[in-house]
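Engineer: Dropping in data.tsv, with TSV, C-alpha atoms.
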```tsv
chain	number	residue	atom	x	y	z
A	15	MET	CA	0.00	0.00	0.00
A	16	SER	CA	1.64	3.26	-1.05
A	17	PHE	CA	0.44	6.84	-1.19
A	18	ASP	CA	1.68	9.96	-2.93
A	19	ASN	CA	1.09	11.96	0.20
A	20	ALA	CA	0.19	11.32	3.78
A	21	TYR	CA	-3.36	12.57	3.53
A	22	GLU	CA	-4.23	9.90	0.99
A	23	ALA	CA	-3.64	7.37	3.73
A	24	ILE	CA	-6.24	9.03	5.90
A	25	MET	CA	-8.64	9.39	3.02
A	26	GLU	CA	-8.09	5.90	1.71
A	27	GLY	CA	-11.24	4.59	0.09
A	28	SER	CA	-12.12	8.24	-0.65
A	29	ASP	CA	-15.44	7.85	1.02
A	30	GLU	CA	-16.39	10.72	3.21
A	31	THR	CA	-17.02	8.62	6.29
A	32	HIS	CA	-13.24	8.60	6.69
A	33	TRP	CA	-13.36	12.28	7.59
A	34	ALA	CA	-13.84	12.73	11.28
A	35	PHE	CA	-16.54	15.34	10.96
A	36	GLY	CA	-17.58	14.76	7.35
A	37	THR	CA	-16.61	16.82	4.34
A	38	GLY	CA	-19.59	19.15	4.33
A	39	PHE	CA	-19.57	22.60	5.87
A	40	THR	CA	-22.38	23.76	8.05
A	41	ASP	CA	-23.79	27.25	7.95
A	42	ALA	CA	-24.11	28.45	11.54
A	43	LEU	CA	-27.11	30.57	10.55
A	44	SER	CA	-28.92	27.96	8.49
A	45	GLY	CA	-32.61	27.83	9.39
A	46	VAL	CA	-32.31	30.61	11.98
A	47	ASP	CA	-35.26	33.00	12.21
A	48	ARG	CA	-34.01	36.43	11.12
A	49	ALA	CA	-37.02	38.44	12.29
A	50	VAL	CA	-36.24	41.03	14.98
A	51	PRO	CA	-38.22	40.25	18.18
A	52	SER	CA	-41.17	42.68	18.23
A	53	ASP	CA	-40.34	44.41	21.52
A	54	VAL	CA	-36.72	45.07	20.52
A	55	ASP	CA	-35.60	48.42	19.11
A	56	SER	CA	-34.15	47.57	15.72
A	57	GLY	CA	-31.87	50.62	15.69
A	58	ASP	CA	-30.30	49.49	18.94
A	59	LEU	CA	-29.96	45.93	17.72
A	60	ALA	CA	-28.26	47.04	14.50
A	61	THR	CA	-25.82	49.15	16.53
A	62	TYR	CA	-25.13	46.29	18.92
A	63	CYS	CA	-24.34	43.97	15.99
A	64	LEU	CA	-21.97	46.64	14.67
A	65	MET	CA	-20.24	46.88	18.05
A	66	LEU	CA	-19.59	43.15	18.32
A	67	GLY	CA	-18.86	42.84	14.60
A	68	ASP	CA	-16.37	45.71	14.65
A	69	ASP	CA	-14.56	44.25	17.69
A	70	ALA	CA	-13.94	41.08	15.69
A	71	LEU	CA	-13.21	42.78	12.37
A	72	VAL	CA	-10.64	45.18	13.79
A	73	LEU	CA	-8.79	42.60	15.86
A	74	SER	CA	-8.81	40.29	12.85
A	75	GLN	CA	-7.12	43.05	10.84
A	76	ARG	CA	-4.54	43.58	13.59
A	77	LEU	CA	-3.73	39.88	13.85
A	78	SER	CA	-3.40	39.65	10.06
A	79	GLU	CA	-0.49	42.05	10.31
A	80	TRP	CA	1.52	39.13	11.70
A	81	CYS	CA	1.15	37.13	8.46
A	82	SER	CA	4.67	36.15	7.37
A	83	ARG	CA	6.15	38.06	10.33
A	84	ALA	CA	5.44	35.76	13.29
A	85	PRO	CA	8.42	34.37	15.24
A	86	GLU	CA	7.88	30.84	13.85
A	87	LEU	CA	6.01	29.39	10.89
A	88	GLU	CA	3.73	27.40	13.20
A	89	GLU	CA	2.76	30.53	15.12
A	90	ASP	CA	2.17	32.40	11.88
A	91	VAL	CA	-0.50	29.85	10.96
A	92	ALA	CA	-2.02	29.92	14.45
A	93	LEU	CA	-2.43	33.71	14.46
A	94	ALA	CA	-3.84	33.66	10.93
A	95	ASN	CA	-6.34	30.97	11.96
A	96	ILE	CA	-7.48	33.11	14.87
A	97	ALA	CA	-7.76	36.17	12.61
A	98	LEU	CA	-9.92	34.18	10.18
A	99	ASP	CA	-12.18	32.90	12.98
A	100	LEU	CA	-12.76	36.49	14.07
A	101	LEU	CA	-13.35	37.60	10.50
A	102	GLY	CA	-16.04	34.93	10.20
A	103	GLN	CA	-17.78	36.28	13.30
A	104	ALA	CA	-17.48	39.84	11.96
A	105	ARG	CA	-19.03	38.89	8.62
A	106	MET	CA	-22.14	37.38	10.20
A	107	LEU	CA	-22.57	40.31	12.60
A	108	LEU	CA	-22.03	43.05	10.02
A	109	THR	CA	-24.40	41.32	7.60
A	110	ARG	CA	-26.98	41.23	10.37
A	111	ALA	CA	-26.39	44.91	11.21
A	112	GLY	CA	-26.87	45.92	7.56
A	113	GLU	CA	-29.95	43.76	7.17
A	114	ILE	CA	-31.66	45.26	10.25
A	115	GLU	CA	-30.64	48.78	9.23
A	116	GLY	CA	-32.41	48.20	5.91
A	117	ALA	CA	-30.45	50.85	4.00
A	118	GLY	CA	-28.95	48.41	1.53
A	119	ARG	CA	-25.52	48.20	3.16
A	120	ASP	CA	-23.96	44.73	3.11
A	121	GLU	CA	-20.97	43.48	5.13
A	122	ASP	CA	-18.51	44.92	2.60
A	123	ALA	CA	-20.11	48.36	2.60
A	124	LEU	CA	-19.96	48.40	6.39
A	125	ALA	CA	-16.38	47.18	6.61
A	126	TYR	CA	-14.88	49.18	3.76
A	127	LEU	CA	-16.95	52.32	3.39
A	128	ARG	CA	-17.47	53.62	6.89
A	129	GLU	CA	-15.41	56.44	8.39
A	130	GLU	CA	-13.31	56.11	11.51
A	131	HIS	CA	-15.92	57.62	13.88
A	132	GLU	CA	-18.60	55.20	12.62
A	133	PHE	CA	-16.75	52.15	13.93
A	134	ARG	CA	-18.05	50.96	17.29
A	135	ASN	CA	-15.26	48.61	18.38
A	136	VAL	CA	-13.67	48.74	21.82
A	137	GLN	CA	-10.26	50.41	21.69
A	138	LEU	CA	-8.50	47.27	22.93
A	139	SER	CA	-9.06	45.66	19.53
A	140	GLU	CA	-7.41	48.53	17.61
A	141	VAL	CA	-4.29	49.10	19.74
A	142	ASP	CA	-1.11	48.58	17.76
A	143	CYS	CA	0.49	45.63	19.54
A	144	GLY	CA	3.09	44.93	16.86
A	145	PRO	CA	4.75	43.66	14.81
A	146	GLY	CA	6.68	46.87	14.62
A	147	PRO	CA	7.14	49.77	17.00
A	148	GLY	CA	3.69	49.33	18.58
A	149	GLY	CA	4.65	46.17	20.39
A	150	ASP	CA	5.86	42.63	19.93
A	151	PHE	CA	4.66	39.04	20.08
A	152	ALA	CA	4.20	39.21	23.87
A	153	THR	CA	2.05	42.34	23.56
A	154	THR	CA	-0.07	40.65	20.90
A	155	ILE	CA	-0.52	37.64	23.19
A	156	ALA	CA	-1.41	39.91	26.14
A	157	ARG	CA	-4.12	41.59	24.09
A	158	LEU	CA	-5.42	38.28	22.77
A	159	LEU	CA	-5.59	36.87	26.31
A	160	VAL	CA	-7.67	39.78	27.59
A	161	PHE	CA	-9.83	40.05	24.48
A	162	SER	CA	-10.61	36.34	24.11
A	163	SER	CA	-11.32	35.87	27.84
A	164	TRP	CA	-13.77	38.77	27.71
A	165	ARG	CA	-15.41	37.82	24.42
A	166	LEU	CA	-15.74	34.18	25.46
A	167	ALA	CA	-17.56	35.16	28.68
A	168	LEU	CA	-19.76	37.49	26.62
A	169	SER	CA	-20.52	34.89	23.94
A	170	GLN	CA	-21.36	32.21	26.50
A	171	ARG	CA	-24.13	34.47	27.78
A	172	LEU	CA	-25.25	35.59	24.31
A	173	VAL	CA	-26.00	31.96	23.45
A	174	SER	CA	-29.29	32.50	25.27
A	175	SER	CA	-29.99	35.91	23.68
A	176	ARG	CA	-33.56	36.46	22.56
A	177	ASP	CA	-32.28	37.44	19.14
A	178	PRO	CA	-31.89	34.08	17.37
A	179	VAL	CA	-29.15	35.36	15.07
A	180	LEU	CA	-27.00	36.70	17.91
A	181	ALA	CA	-27.54	33.41	19.75
A	182	ALA	CA	-26.44	31.37	16.72
A	183	VAL	CA	-23.37	33.53	16.07
A	184	ALA	CA	-22.43	33.25	19.75
A	185	ALA	CA	-22.84	29.47	19.76
A	186	LYS	CA	-20.32	29.20	16.92
A	187	ALA	CA	-18.01	31.78	18.48
A	188	VAL	CA	-17.81	30.03	21.86
A	189	LYS	CA	-15.85	27.11	20.41
A	190	GLU	CA	-13.48	29.39	18.52
A	191	LEU	CA	-12.89	31.71	21.45
A	192	ALA	CA	-12.22	28.86	23.85
A	193	TYR	CA	-9.36	27.86	21.58
A	194	GLN	CA	-8.11	31.43	21.21
A	195	ARG	CA	-8.07	31.93	24.95
A	196	ASP	CA	-6.23	28.68	25.42
A	197	HIS	CA	-3.63	29.67	22.83
A	198	ALA	CA	-3.05	33.04	24.49
A	199	ALA	CA	-2.95	31.48	27.97
A	200	GLN	CA	-0.38	28.87	26.88
A	201	TRP	CA	1.92	31.57	25.56
A	202	THR	CA	1.39	33.87	28.53
A	203	ILE	CA	2.52	31.05	30.81
A	204	ARG	CA	5.53	30.17	28.66
A	205	LEU	CA	6.70	33.75	28.28
A	206	GLY	CA	5.90	34.78	31.86
A	207	ASP	CA	7.55	31.73	33.35
A	208	GLY	CA	10.26	31.36	30.69
A	209	THR	CA	13.48	33.35	30.84
A	210	GLU	CA	14.17	36.68	32.55
A	211	TYR	CA	13.99	38.34	29.15
A	212	SER	CA	10.71	36.71	28.03
A	213	ARG	CA	9.20	37.58	31.41
A	214	GLU	CA	10.22	41.22	31.01
A	215	ARG	CA	8.60	41.37	27.57
A	216	MET	CA	5.40	39.69	28.78
A	217	ILE	CA	5.09	42.15	31.66
A	218	ALA	CA	5.63	45.06	29.26
A	219	GLY	CA	2.97	43.61	26.94
A	220	LEU	CA	0.41	43.32	29.72
A	221	ASP	CA	1.17	46.87	30.87
A	222	ARG	CA	0.61	48.11	27.33
A	223	VAL	CA	-2.89	46.65	26.96
A	224	TRP	CA	-4.12	46.89	30.54
A	225	PRO	CA	-5.28	50.54	30.34
A	226	PHE	CA	-7.85	49.42	27.75
A	227	THR	CA	-9.49	46.74	29.92
A	228	ASP	CA	-11.90	48.98	31.84
A	229	GLU	CA	-13.71	49.90	28.65
A	230	LEU	CA	-14.59	46.23	28.10
A	231	PHE	CA	-16.77	46.25	31.20
A	232	THR	CA	-18.41	49.65	30.75
A	233	ALA	CA	-21.94	49.44	29.41
A	234	HIS	CA	-22.97	51.72	26.56
A	235	PRO	CA	-26.62	52.89	26.74
A	236	VAL	CA	-27.42	50.65	23.75
A	237	GLU	CA	-26.08	47.63	25.64
A	238	THR	CA	-27.99	48.58	28.78
A	239	ARG	CA	-31.29	48.93	26.90
A	240	LEU	CA	-30.85	45.67	25.00
A	241	ALA	CA	-29.73	43.80	28.11
A	242	ALA	CA	-32.97	44.87	29.79
A	243	VAL	CA	-34.98	43.01	27.12
A	244	GLY	CA	-32.78	39.91	27.17
A	245	VAL	CA	-31.02	40.52	23.85
A	246	ALA	CA	-27.61	41.86	24.87
A	247	VAL	CA	-25.32	41.31	27.82
A	248	ASP	CA	-24.45	44.08	30.26
A	249	PRO	CA	-20.63	43.87	30.09
A	250	ALA	CA	-20.30	44.96	33.72
A	251	THR	CA	-21.69	41.56	34.72
A	252	LEU	CA	-18.71	39.83	33.06
A	253	ARG	CA	-16.03	41.46	35.16
A	254	SER	CA	-15.67	39.03	38.04
A	255	GLU	CA	-15.60	36.00	35.78
A	256	VAL	CA	-13.02	37.51	33.40
A	257	ASP	CA	-10.90	38.77	36.31
A	258	GLY	CA	-10.93	35.26	37.72
A	259	VAL	CA	-9.74	33.76	34.43
A	260	LEU	CA	-6.99	36.35	34.01
A	261	ASP	CA	-5.81	35.89	37.61
A	262	THR	CA	-5.62	32.14	37.10
A	263	VAL	CA	-3.52	32.50	33.94
A	264	LEU	CA	-1.27	35.19	35.43
A	265	GLY	CA	-0.85	33.08	38.55
A	266	ALA	CA	0.25	30.07	36.48
A	267	ALA	CA	2.68	32.36	34.64
A	268	SER	CA	4.10	33.68	37.96
A	269	LEU	CA	3.02	37.17	36.92
A	270	ASP	CA	1.29	39.87	38.93
A	271	ARG	CA	-1.79	41.66	37.70
A	272	PRO	CA	-0.61	44.95	36.14
A	273	THR	CA	-1.06	48.02	38.28
A	274	VAL	CA	-1.15	50.60	35.46
A	275	GLY	CA	-4.29	52.71	35.56
A	276	SER	CA	-7.13	52.92	33.11
A	277	LEU	CA	-6.89	55.13	30.03
A	278	SER	CA	-8.56	58.46	30.67
A	279	THR	CA	-11.68	58.80	28.55
A	280	VAL	CA	-13.09	61.66	26.56
A	281	VAL	CA	-16.03	63.07	28.53
A	282	GLY	CA	-19.17	64.31	26.77
A	283	ARG	CA	-21.36	67.28	27.76
A	284	ASP	CA	-23.59	64.94	29.73
A	285	GLY	CA	-20.62	64.01	31.88
A	286	ALA	CA	-20.49	60.44	30.62
A	287	GLY	CA	-17.30	58.95	29.17
A	288	ARG	CA	-16.98	58.36	25.42
A	289	GLY	CA	-14.99	55.47	24.04
A	290	GLY	CA	-14.78	53.12	21.10
A	291	ARG	CA	-18.44	52.16	21.48
A	292	ASP	CA	-19.30	55.81	20.67
A	293	GLY	CA	-16.89	56.02	17.75
A	294	VAL	CA	-14.04	57.66	19.69
A	295	HIS	CA	-10.82	55.92	18.74
A	296	THR	CA	-7.08	56.06	19.32
A	297	GLU	CA	-4.73	57.69	16.85
A	298	ALA	CA	-3.55	54.34	15.51
A	299	PHE	CA	-7.05	53.44	14.33
A	300	GLY	CA	-7.04	55.81	11.35
A	301	TYR	CA	-3.95	54.10	9.95
A	302	LEU	CA	-5.50	50.69	10.54
A	303	ILE	CA	-8.68	51.36	8.57
A	304	ALA	CA	-6.75	53.23	5.88
A	305	GLU	CA	-4.83	50.03	5.20
A	306	MET	CA	-7.92	47.85	5.52
A	307	GLN	CA	-10.06	49.98	3.21
A	308	HIS	CA	-7.75	51.41	0.61
A	309	ILE	CA	-8.20	48.77	-2.11
A	310	ALA	CA	-11.98	48.77	-1.78
A	311	ARG	CA	-12.02	52.56	-1.90
A	312	SER	CA	-9.52	53.07	-4.70
A	313	MET	CA	-11.09	50.40	-6.92
A	314	PRO	CA	-14.82	50.54	-6.16
A	315	GLY	CA	-16.69	47.35	-6.95
A	316	ALA	CA	-13.48	45.38	-7.57
A	317	THR	CA	-13.80	41.63	-7.19
A	318	TRP	CA	-11.14	38.95	-7.12
B	7	MET	CA	12.79	28.93	34.13
B	8	SER	CA	14.48	26.92	31.41
B	9	GLU	CA	17.66	27.44	29.44
B	10	PRO	CA	17.19	29.44	26.22
B	11	ARG	CA	17.57	27.47	22.98
B	12	SER	CA	18.35	28.80	19.54
B	13	SER	CA	15.58	26.82	17.87
B	14	TRP	CA	12.58	24.65	18.66
B	15	PRO	CA	12.83	20.86	18.54
B	16	LEU	CA	11.21	18.84	15.76
B	17	TYR	CA	8.08	16.76	16.35
B	18	GLU	CA	6.44	14.11	14.17
B	19	VAL	CA	2.65	14.30	13.89
B	20	PHE	CA	0.19	11.39	13.69
B	21	VAL	CA	-3.50	11.92	13.02
B	22	ARG	CA	-6.35	9.45	13.40
B	23	GLY	CA	-9.04	10.23	10.86
B	24	LYS	CA	-11.86	8.31	12.44
B	25	ARG	CA	-12.56	6.23	15.48
B	26	GLY	CA	-11.33	2.72	14.90
B	27	LEU	CA	-8.71	3.60	12.30
B	28	ASN	CA	-4.99	3.88	12.98
B	29	HIS	CA	-3.05	7.03	13.61
B	30	VAL	CA	-1.23	7.91	10.39
B	31	HIS	CA	1.94	9.94	10.09
B	32	VAL	CA	1.06	13.19	8.32
B	33	GLY	CA	4.16	15.36	8.74
B	34	SER	CA	6.30	17.21	11.19
B	35	LEU	CA	6.53	20.58	12.89
B	36	HIS	CA	8.59	22.61	15.35
B	37	ALA	CA	7.32	23.49	18.80
B	38	PRO	CA	8.80	24.73	22.09
B	39	ASP	CA	7.36	21.81	24.09
B	40	ASP	CA	4.96	18.85	23.94
B	41	GLU	CA	1.79	20.78	24.73
B	42	MET	CA	2.47	23.46	22.14
B	43	ALA	CA	3.36	20.76	19.62
B	44	LEU	CA	-0.12	19.34	20.04
B	45	ARG	CA	-1.68	22.76	19.52
B	46	ASN	CA	0.48	23.51	16.52
B	47	ALA	CA	-0.49	20.15	15.05
B	48	ARG	CA	-4.14	21.06	15.49
B	49	ASP	CA	-3.54	24.27	13.53
B	50	LEU	CA	-1.36	22.78	10.82
B	51	TYR	CA	-2.79	19.32	10.22
B	52	THR	CA	-6.46	19.25	11.21
B	53	ARG	CA	-7.78	22.44	9.67
B	54	ARG	CA	-10.08	20.62	7.28
B	55	ASN	CA	-11.80	18.06	9.48
B	56	GLU	CA	-9.00	15.54	9.09
B	57	GLY	CA	-8.95	14.04	12.52
B	58	VAL	CA	-10.40	13.10	15.87
B	59	SER	CA	-7.11	12.37	17.56
B	60	ILE	CA	-3.55	13.65	17.30
B	61	TRP	CA	-0.29	12.19	18.57
B	62	VAL	CA	2.91	14.23	18.59
B	63	VAL	CA	6.25	12.55	19.17
B	64	PRO	CA	9.62	14.26	19.55
B	65	ALA	CA	11.49	13.30	16.39
B	66	ALA	CA	14.53	12.60	18.58
B	67	ALA	CA	12.56	9.86	20.38
B	68	ILE	CA	12.07	7.83	17.21
B	69	THR	CA	14.50	5.02	16.51
B	70	ALA	CA	14.42	4.38	12.78
B	71	SER	CA	15.70	1.54	10.65
B	72	SER	CA	18.57	2.54	8.43
B	73	PRO	CA	18.18	2.54	4.64
B	74	ASP	CA	21.63	0.90	4.36
B	75	GLU	CA	20.34	-2.18	6.15
B	76	LYS	CA	17.39	-2.56	3.83
B	77	ASP	CA	18.41	-5.90	2.37
B	78	PRO	CA	19.31	-7.90	5.46
B	79	PHE	CA	16.55	-6.24	7.45
B	80	PHE	CA	13.58	-6.69	5.15
B	81	ALA	CA	14.44	-8.89	2.19
B	82	PRO	CA	14.37	-12.26	4.00
B	83	SER	CA	10.60	-12.07	4.40
B	84	GLY	CA	10.01	-11.66	0.67
B	85	ASP	CA	10.05	-15.36	-0.18
B	86	LYS	CA	8.19	-16.64	2.85
B	87	VAL	CA	4.80	-17.01	1.31
B	88	TYR	CA	3.42	-18.87	4.31
B	89	ARG	CA	3.57	-15.66	6.32
B	90	HIS	CA	0.90	-14.08	4.14
B	91	PRO	CA	-2.79	-14.86	4.54
B	92	THR	CA	-3.13	-15.78	0.89
B	93	PHE	CA	-4.73	-19.17	1.44
B	94	TYR	CA	-7.97	-17.88	2.90
B	95	ALA	CA	-11.09	-16.66	1.13
B	96	ILE	CA	-11.81	-13.15	2.40
B	97	PRO	CA	-15.48	-12.34	2.88
B	98	GLU	CA	-16.47	-9.21	0.94
B	99	ASP	CA	-18.11	-7.48	3.88
B	100	VAL	CA	-14.90	-7.31	5.93
B	101	PRO	CA	-13.43	-3.94	4.95
B	102	HIS	CA	-10.32	-3.57	7.11
B	103	LEU	CA	-8.59	-6.91	6.64
```
Let me see the file written as structure tokens.
Structural biologist:
Amino acid sequence: MSFDNAYEAIMEGSDETHWAFGTGFTDALSGVDRAVPSDVDSGDLATYCLMLGDDALVLSQRLSEWCSRAPELEEDVALANIALDLLGQARMLLTRAGEIEGAGRDEDALAYLREEHEFRNVQLSEVDCGPGPGGDFATTIARLLVFSSWRLALSQRLVSSRDPVLAAVAAKAVKELAYQRDHAAQWTIRLGDGTEYSRERMIAGLDRVWPFTDELFTAHPVETRLAAVGVAVDPATLRSEVDGVLDTVLGAASLDRPTVGSLSTVVGRDGAGRGGRDGVHTEAFGYLIAEMQHIARSMPGATW
Amino acid sequence: MSEPRSSWPLYEVFVRGKRGLNHVHVGSLHAPDDEMALRNARDLYTRRNEGVSIWVVPAAAITASSPDEKDPFFAPSGDKVYRHPTFYAIPEDVPHL
């Protein structure tokens, strides 16, 4: 018995029962009722989908910056896989946002043709964590650890959202995020408990992203209103669980929780803070979307 | 704390496509330790539903037969027909014999 490549051995007989989970691909949203529950404000729901979709889209773009630049080939593939998982979540959420909005904007129009202040992502997802002067691999891992721990806790609750589409997207995301959190935790432990030098870099990475963590647990009025009708999750309710996860990982990595303070926020006339959820972003964000959007904008309607 | 190394060790990866089948060697990868090797294998070799189980083995732990010894090592079994189950009728509904 001989094979031209190793996979033929697995696929021997070329009948699809040899594939562990079959060869078909399932659509997470297949058969899901797309009607907005009658007592839910559709404007709020569209905005909420944008918020969660933009979080995933922007971090996906950031992680893609590591393509061909990761420390090892294996890690390059891992980060790209994570970026693609997040892009998949973003696509479903932006499509949903456009559909509820009803103004004819699809996922591409929302991703490529909005201005900086129209993006609703938390600032943690846009921070430049490297490669390059903004950070390094450890900083990227620090951000991924915080982001995936938070988004996993959020998605686990959204599985029982009254909006069937949000619930279905969350159910798919939970599996992906559990892996992402594990990947980040594994590296945090290895770098934190590795050499003096790797420990130094990991501590610097955590210090860099820590000022952006408070925003993750601050409810925007849209989130508060939707949480009241069982559609969204009030992010403040996630704090103790996420803190517990982060403390466990940091403890295993022999690291202390960073003591750097929260980023000061822009305050509106009503006295309330304004952050990424309101379209207020960091300086780096303009460069990020310029790179993400420039092909779509310079060659409108281009396909490939 | 461990001593720094200049590169990661090599691992060989085995994937089992379905319950009941054997693990099959699919390739190799580099990883800093056993646990990360398993995770890297998941990313590199099971992206398209290929497996339900992965083994990773440090390449250094494998003792391999040498190509130079091919004749004395393997050739003597070539003419021993009685070692092969060629004298039985194989029922058609037994797929993995």
Engineer: Could you please select, counting only C-alpha atoms, the residues of chain B within 7 Å of chain A and state them as a list in words?
Structural biologist: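 Those within range of chain A come out as Met7, Ser8, Gly23, Lys24, Val30, His31, Val32, Asn46, Asp49, Asn55, Glu56, Gly57 and Val58 of chain B.
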Engineer: Would you please work out which residue, of B:Arg54, B:Ile68, B:Tyr88, B:Val63, is nearest to Phe20 (chain B) when using all atoms listed in the file?
Structural biologist: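 Going through B:Arg54, B:Ile68, B:Tyr88, B:Val63 one by one, the smallest distance to Phe20 (chain B) is for B:Val63.
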Engineer: One number please: CA of Arg76 (chain A) to CA of Asp39 (chain B), in Å, one decimal.
Structural biologist: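 Straight-line distance from CA of Arg76 (chain A) to CA of Asp39 (chain B) works out to 26.9 Å.
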Engineer: Quick one: everything within 10 Å of region 132-139 of chain A, counting all atoms listed in the file, minus sequence neighbours fewer than 5 positions away in the same chain. Send it as a CSV table (one decimal) with C-alpha atoms, in the frame of the given file.
Structural biologist:
```
chain,number,residue,atom,x,y,z
A,61,THR,CA,-25.8,49.2,16.5
A,62,TYR,CA,-25.1,46.3,18.9
A,63,CYS,CA,-24.3,44.0,16.0
A,64,LEU,CA,-22.0,46.6,14.7
A,65,MET,CA,-20.2,46.9,18.0
A,66,LEU,CA,-19.6,43.2,18.3
A,67,GLY,CA,-18.9,42.8,14.6
A,68,ASP,CA,-16.4,45.7,14.6
A,69,ASP,CA,-14.6,44.2,17.7
A,70,ALA,CA,-13.9,41.1,15.7
A,71,LEU,CA,-13.2,42.8,12.4
A,72,VAL,CA,-10.6,45.2,13.8
A,73,LEU,CA,-8.8,42.6,15.9
A,74,SER,CA,-8.8,40.3,12.8
A,75,GLN,CA,-7.1,43.0,10.8
A,76,ARG,CA,-4.5,43.6,13.6
A,77,LEU,CA,-3.7,39.9,13.8
A,124,LEU,CA,-20.0,48.4,6.4
A,125,ALA,CA,-16.4,47.2,6.6
A,127,LEU,CA,-17.0,52.3,3.4
A,157,ARG,CA,-4.1,41.6,24.1
A,158,LEU,CA,-5.4,38.3,22.8
A,160,VAL,CA,-7.7,39.8,27.6
A,161,PHE,CA,-9.8,40.0,24.5
A,223,VAL,CA,-2.9,46.6,27.0
A,224,TRP,CA,-4.1,46.9,30.5
A,225,PRO,CA,-5.3,50.5,30.3
A,226,PHE,CA,-7.8,49.4,27.8
A,227,THR,CA,-9.5,46.7,29.9
A,228,ASP,CA,-11.9,49.0,31.8
A,229,GLU,CA,-13.7,49.9,28.6
A,230,LEU,CA,-14.6,46.2,28.1
A,289,GLY,CA,-15.0,55.5,24.0
A,290,GLY,CA,-14.8,53.1,21.1
A,291,ARG,CA,-18.4,52.2,21.5
A,292,ASP,CA,-19.3,55.8,20.7
A,293,GLY,CA,-16.9,56.0,17.8
A,294,VAL,CA,-14.0,57.7,19.7
A,295,HIS,CA,-10.8,55.9,18.7
A,296,THR,CA,-7.1,56.1,19.3
A,298,ALA,CA,-3.6,54.3,15.5
A,299,PHE,CA,-7.0,53.4,14.3
A,303,ILE,CA,-8.7,51.4,8.6
```
Engineer: Measure the distance from CA of Val179 (chain A) to CA of Gly118 (chain A) in Å and round it to one decimal.
Structural biologist: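 Spanning CA of Val179 (chain A) to CA of Gly118 (chain A) is a straight-line distance of 18.8 Å.
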Engineer: Do a neighbour search on Asp150 (chain A) at 10 Å with all atoms listed in the file, toss out local chain neighbours closer than 2 positions, and write the hits as an mmCIF file with C-alpha atoms, in the coordinates of the input.
Structural biologist:
```cif
data_model
loop_
_atom_site.group_PDB
_atom_site.id
_atom_site.type_symbol
_atom_site.label_atom_id
_atom_site.label_comp_id
_atom_site.auth_asym_id
_atom_site.auth_seq_id
_atom_site.Cartn_x
_atom_site.Cartn_y
_atom_site.Cartn_z
ATOM 1 C CA TRP A 80 1.520 39.130 11.700
ATOM 2 C CA ALA A 84 5.440 35.760 13.290
ATOM 3 C CA PRO A 85 8.420 34.370 15.240
ATOM 4 C CA ASP A 142 -1.110 48.580 17.760
ATOM 5 C CA CYS A 143 0.490 45.630 19.540
ATOM 6 C CA GLY A 144 3.090 44.930 16.860
ATOM 7 C CA PRO A 145 4.750 43.660 14.810
ATOM 8 C CA GLY A 146 6.680 46.870 14.620
ATOM 9 C CA PRO A 147 7.140 49.770 17.000
ATOM 10 C CA GLY A 148 3.690 49.330 18.580
ATOM 11 C CA ALA A 152 4.200 39.210 23.870
ATOM 12 C CA THR A 153 2.050 42.340 23.560
ATOM 13 C CA THR A 154 -0.070 40.650 20.900
ATOM 14 C CA ILE A 155 -0.520 37.640 23.190
ATOM 15 C CA ALA A 156 -1.410 39.910 26.140
ATOM 16 C CA ARG A 215 8.600 41.370 27.570
ATOM 17 C CA MET A 216 5.400 39.690 28.780
ATOM 18 C CA ALA A 218 5.630 45.060 29.260
ATOM 19 C CA GLY A 219 2.970 43.610 26.940
#
```
Engineer: Go through B:Leu27, B:Val21, B:Ala95, B:Ala81 and flag the residue nearest Tyr51 (chain B), using all atoms listed in the file for the distances.
Structural biologist: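 Ranked by minimum distance to Tyr51 (chain B), first place goes to B:Val21.
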Engineer: List the spatial neighbours of Val243 (chain A) as JSON, numbers by chain - criterion: any atom at most 9 Å away, all atoms listed in the file, same-chain residues fewer than 4 positions off excluded.
Structural biologist: {"A": [53, 54, 176, 239]}
Engineer: Could you write those residues out with C-alpha atoms, as an mmCIF file, in the coordinates of the input?
Structural biologist:
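Contents of the output file selection.cif:
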```cif
data_model
loop_
_atom_site.group_PDB
_atom_site.id
_atom_site.type_symbol
_atom_site.label_atom_id
_atom_site.label_comp_id
_atom_site.auth_asym_id
_atom_site.auth_seq_id
_atom_site.Cartn_x
_atom_site.Cartn_y
_atom_site.Cartn_z
ATOM 1 C CA ASP A 53 -40.340 44.410 21.520
ATOM 2 C CA VAL A 54 -36.720 45.070 20.520
ATOM 3 C CA ARG A 176 -33.560 36.460 22.560
ATOM 4 C CA ARG A 239 -31.290 48.930 26.900
#
```
Engineer: Between CA of Trp14 (chain B) and CA of Arg53 (chain B), what is the distance, to one decimal in Å?
Structural biologist: 22.4 Å
Engineer: Give me the residues near Val19 (chain B) as a list in words, where near means some atom within 10 Å (using only C-alpha atoms) and where sequence neighbours in that chain fewer than 4 positions away do not count.
Structural biologist: His29, Val30, His31, Val32, Gly33, Ser34, Leu35, Ala43, Leu44, Asn46, Ala47, Arg48, Leu50, Tyr51, Ile60, Trp61, Val62, Val63, Pro64 and Ala65 of chain B
